[in-house]
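Let me begin by presenting the structure, written as structure tokens, before commenting on it.
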Amino acid sequence: MENHKATEPIVFVIFGASGDLTSRKLVPAVYNLYLDKFVGVNFSLIGVDRRSHPEDEYRGLLRKGVDEFSRRGKTQDAEWDVFSKRLSFMDGDFSDPNTYKQLGDRIAAIKQQLNTEVHTIFYFATPPSVVEMLVHGLGAAGLTKDEKRSRVVIEKPFGRDLESAQELDIKLLTELKESQIYRIDHYLGKETVQNIMAFRFGNSLMEPLWNRRYVDHVQITVAEEVGVEHRGGYYDKSGALRDMIQNHLMQILCYIAMEAPVAFEADEIRNKKVDVLRAIRPIEAEQVNQFAVRGQYDSGWIRGEQVPSYRKEPSVNPDSGTETFAAVKLLIDNWRWEGVPFYLRSGKRMPARVSEVVMQFRPVPHLSFPSSAIPDFTPNRLVLRIQPNEGIFIRIQVKQPGATFRLRGADMHFLYKETFKVAEPEAYETLLLDIAHGDATQFMRADQVEAAWKVVMPIINAWEGSTPIEFPNYPSGSWGPDAAVTLLARDGRNWWVPTAIQDHT
Ligand code: NDP
Ligand code: BG6
């Protein structure tokens, strides 16, 4: 969060080094930090994985990821050649103490070569099931002993449920100090998510309207075109509720619903977010069907290409009951939000990759205009576009030019690409730099993770207790199962088609 300069020497160790996260997000982020000179020349990256790869093949794999996913596009030979000299790979069983011994020897050799102390960042780009093993292995080998210079980064979902998250916290604290633990949720590093605070608390315009008196309801959509592809091993044990709703969407919800922090400080912001999670009305076991909807994609069409059903993806159980879509209605019992529903939905194989928050305002108290003047009247709507076409839109009513008095909707907008000519950094660039500088503002505290689990536990319990006989229940390329439409229709509402992909009227 602070304005960081180039870092001190760093050894960045990624466990799960041939996984999707590493090639899609982590290495592109590190490469961009390198090109932007945020990581100095004294930096090394060691990939650790249970599968073995020759060094050259591994570098090639990472380069492919950067070419495909970096915001800068394809790598240039000259720059990549210098950068890739800092990448190395080792295979090893995460349950074998020898893996950590070998890793320790490599780190010691780097230190010796540089003739200085280094910061070590151990990044677990793995499923939650191996986190405890990794922390124990590192601790037993003495690799996390230096509490000032060694940090561990743990991906979401943190644990599998409330109980396992609490147990994991206890175990982590036997090996590490809390200040060494970074529970990452990369949505907190997205410019557009951070901007929610700037927009809310840097402008006096919105705050008087940001409450139950003026807001009818809020929708948060995080939709993806991609399916699970080769991530079945992780995803089939996770599902949309654990993978997206419990963390990314809940974080967005916290920023939308929180009270103004007294100061822009890590603990103060985290306290205000936990207050939101604590105020969410618990969903009673017998009410889960009225508050939550699950779905799983069938085969279908995405961008003119036929794609397989979830159950046919590699490493997925052919009878899987894992949800690839989840929608939830939440109520926040506090003075600001009493009676305002927050609808959250996230799914894979949707028609587009698009994330948006829609704040739907109430209609004006009295419409003075004749019905002929307002054939298409819609109350005000604020849209925060998280991605793509990042920006903010406010739907207002204006008089359509002409002799007759007629209202129509129009948008006031702010678009990042129009206002700022430079490309914004990817979330992982911002967050990795924060970790390197020991700044925990944008990371999750244990109580926040637990509060978020508490919100979804009734849904997890209900879903795990009943096999979804209706799966698969939405075709790839659609907005999810019909039940998601019913969730809002029951309240007399409907999901907005995200503005980033529509020619809105
Ligand atoms: P993948 O399945 O693609 O990668 C997981 C990696 O962990 C693989 O290298 C896998 O090895 C390894 N692994 C799994 N189980 C074990 C084990 N028991 N012992 C040793 N290694 C193991 O998943 P992702 O990379 O997509 O996800 C990893 C984490 O990152 C998840 O927590 C996810 O929520 C998070 N994340 C992912 C994002 C993404 O865009 N992919 C974005 C943000 C967060 P092998 O291939 O041999 O199974
Ligand atoms: C990850 C999930 O946390 O976020 C993935 O594990 C998902 O399933 C990804 O694809 C989405 O991130 P982004 O930044 O592309 O919206």
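Labels used: A, B, ... for chains in the order of the structure tokens, numbers from 1 for residues in each chain, and numbers from 1 for ligands as shown.
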Find the spatial neighbours of Asp236 (chain A), counting only C-alpha atoms, within a cut-off of 12 Å - ignore same-chain residues fewer than 2 positions away - and output them as a PyMOL selection string.
chain A and resi 127+227-234+238-243+296+310-324
Region 71-83 of chain A environment, 12 Å, only C-alpha atoms, sequence neighbours closer than 5 positions dropped, as a PyMOL selection string:
chain A and resi 24-25+27-37+39-45+56+59-60+62-66+88+422-429
Neighbouring residues of region 186-200 of chain A were defined as those with any atom within 9 Å, considering only C-alpha atoms; residues of the same chain fewer than 6 positions away were excluded. Please report them as a PyMOL selection string.
chain A and resi 1+155-156+206-207+210+247-249+251-252+255-256+260+384-387+390-391+424-431+442-443
Could those selected residues go to a file with N, CA, C and O atoms, as a compact mmCIF listing (two decimals), in the first residue's frame?
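Final output, part.txt:
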# COMPACT_ATOMS: atom_id res chain seq x y z
N MET A 1 0.82 -1.21 0.00
CA MET A 1 0.00 0.00 0.00
C MET A 1 0.86 1.27 0.00
O MET A 1 0.48 2.28 -0.53
N GLU A 155 -2.29 -18.95 0.23
CA GLU A 155 -3.37 -18.60 -0.69
C GLU A 155 -4.74 -18.88 -0.07
O GLU A 155 -4.87 -19.73 0.81
N LYS A 156 -5.73 -18.21 -0.61
CA LYS A 156 -7.10 -18.56 -0.28
C LYS A 156 -7.45 -19.82 -1.05
O LYS A 156 -6.79 -20.09 -2.07
N MET A 206 -21.07 10.71 -2.32
CA MET A 206 -21.79 9.45 -2.24
C MET A 206 -22.22 9.09 -0.82
O MET A 206 -23.26 8.47 -0.62
N GLU A 207 -21.38 9.42 0.15
CA GLU A 207 -21.58 8.89 1.50
C GLU A 207 -23.01 9.11 2.05
O GLU A 207 -23.61 8.20 2.62
N TRP A 210 -25.24 6.36 0.81
CA TRP A 210 -24.71 4.99 0.89
C TRP A 210 -25.34 4.25 2.07
O TRP A 210 -24.64 3.85 3.01
N ASN A 247 -14.05 -15.70 -0.17
CA ASN A 247 -12.92 -14.77 -0.09
C ASN A 247 -13.10 -13.56 -1.01
O ASN A 247 -13.41 -12.47 -0.54
N HIS A 248 -12.95 -13.75 -2.34
CA HIS A 248 -12.93 -12.57 -3.21
C HIS A 248 -14.21 -11.74 -3.12
O HIS A 248 -14.16 -10.52 -2.98
N LEU A 249 -15.37 -12.42 -3.21
CA LEU A 249 -16.62 -11.63 -3.21
C LEU A 249 -16.91 -11.05 -1.83
O LEU A 249 -17.43 -9.95 -1.70
N GLN A 251 -14.67 -10.04 0.24
CA GLN A 251 -13.80 -8.87 0.41
C GLN A 251 -14.41 -7.64 -0.25
O GLN A 251 -14.39 -6.54 0.30
N ILE A 252 -14.96 -7.86 -1.44
CA ILE A 252 -15.60 -6.73 -2.13
C ILE A 252 -16.78 -6.23 -1.29
O ILE A 252 -16.98 -5.04 -1.08
N TYR A 255 -15.71 -3.99 1.54
CA TYR A 255 -15.38 -2.61 1.16
C TYR A 255 -16.64 -1.80 0.86
O TYR A 255 -16.71 -0.61 1.15
N ILE A 256 -17.64 -2.45 0.27
CA ILE A 256 -18.86 -1.73 -0.06
C ILE A 256 -19.64 -1.37 1.21
O ILE A 256 -20.21 -0.30 1.33
N ALA A 260 -16.55 4.06 7.65
CA ALA A 260 -15.30 4.77 7.35
C ALA A 260 -14.25 4.48 8.41
O ALA A 260 -14.56 4.56 9.60
N LEU A 384 -19.72 -0.23 -10.29
CA LEU A 384 -18.27 -0.22 -10.13
C LEU A 384 -17.74 -1.38 -10.96
O LEU A 384 -18.01 -2.55 -10.64
N ARG A 385 -17.05 -1.04 -12.01
CA ARG A 385 -16.52 -2.11 -12.87
C ARG A 385 -15.15 -2.54 -12.36
O ARG A 385 -14.17 -1.81 -12.48
N ILE A 386 -15.11 -3.75 -11.84
CA ILE A 386 -13.85 -4.27 -11.29
C ILE A 386 -12.94 -4.72 -12.43
O ILE A 386 -11.76 -4.46 -12.44
N GLN A 387 -13.50 -5.41 -13.41
CA GLN A 387 -12.76 -5.82 -14.61
C GLN A 387 -13.74 -6.41 -15.62
O GLN A 387 -14.76 -6.98 -15.19
N GLU A 390 -12.32 -1.25 -16.82
CA GLU A 390 -12.42 -0.77 -15.45
C GLU A 390 -12.91 0.67 -15.38
O GLU A 390 -12.45 1.53 -16.16
N GLY A 391 -13.81 0.91 -14.45
CA GLY A 391 -14.30 2.28 -14.28
C GLY A 391 -15.51 2.34 -13.38
O GLY A 391 -15.83 1.39 -12.67
N GLU A 424 -2.41 -0.05 -15.33
CA GLU A 424 -2.29 -0.26 -13.89
C GLU A 424 -1.61 -1.60 -13.62
O GLU A 424 -1.72 -2.52 -14.43
N PRO A 425 -0.89 -1.72 -12.48
CA PRO A 425 -0.23 -2.99 -12.19
C PRO A 425 -1.26 -4.07 -11.89
O PRO A 425 -2.37 -3.77 -11.44
N GLU A 426 -0.88 -5.31 -12.15
CA GLU A 426 -1.74 -6.43 -11.78
C GLU A 426 -1.74 -6.57 -10.26
O GLU A 426 -0.75 -6.20 -9.59
N ALA A 427 -2.82 -7.17 -9.74
CA ALA A 427 -2.98 -7.31 -8.29
C ALA A 427 -1.76 -7.97 -7.64
O ALA A 427 -1.26 -7.54 -6.60
N TYR A 428 -1.24 -9.02 -8.28
CA TYR A 428 -0.13 -9.74 -7.66
C TYR A 428 1.15 -8.91 -7.63
O TYR A 428 2.00 -9.11 -6.77
N GLU A 429 1.30 -7.98 -8.55
CA GLU A 429 2.48 -7.11 -8.50
C GLU A 429 2.44 -6.28 -7.22
O GLU A 429 3.40 -6.19 -6.47
N THR A 430 1.28 -5.66 -7.00
CA THR A 430 1.12 -4.80 -5.82
C THR A 430 1.33 -5.61 -4.55
O THR A 430 2.04 -5.20 -3.63
N LEU A 431 0.71 -6.79 -4.51
CA LEU A 431 0.73 -7.55 -3.25
C LEU A 431 2.11 -8.17 -2.99
O LEU A 431 2.55 -8.23 -1.84
N GLN A 442 -3.09 -5.02 3.11
CA GLN A 442 -4.00 -5.65 2.15
C GLN A 442 -4.03 -7.18 2.27
O GLN A 442 -4.29 -7.87 1.30
N PHE A 443 -3.72 -7.67 3.44
CA PHE A 443 -3.78 -9.12 3.66
C PHE A 443 -4.79 -9.43 4.76
O PHE A 443 -5.15 -8.55 5.53
Which residue gives the smallest distance to ligand 1 among A:Gln102, A:Asn115, A:Thr120, A:Gln246, with only C-alpha atoms and all ligand atoms counted?
A:Gln246
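The nearest approach to ligand 1 among the residues A:Met244, A:Ala373, A:Leu138, A:Val152, with only C-alpha atoms and all ligand atoms taken into account, belongs to A:Met244.
Atom pair CA of Ile469 (chain A) / CA of Val354 (chain A): separated by 28.9 Å.
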If we count only C-alpha atoms and set the cut-off at 8 Å, which residues sit around Glu147 (chain A), ignoring sequence neighbours fewer than 6 positions away in its own chain? Please answer as an NGL selection string.
:A and (176-177 or 179-180)
Taking the chain letters and numbering used in this document, name the residues of region 145-343 of chain A that DSSP puts in strand (DSSP E or B), as number ranges by chain.
A: 150-155, 181-184, 215-223, 280, 292-295, 297-302, 305-307, 325-332, 341-343
Interatomic distance, CA of Ala489 (chain A) to CA of Asn289 (chain A) (Å, one decimal):
14.0 Å
Nearest to Val497 (chain A): which of A:Leu162, A:Ile107, A:Val383, A:Ala279 is it, counting only C-alpha atoms?
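For Val497 (chain A), the nearest of the given residues is A:Val383.
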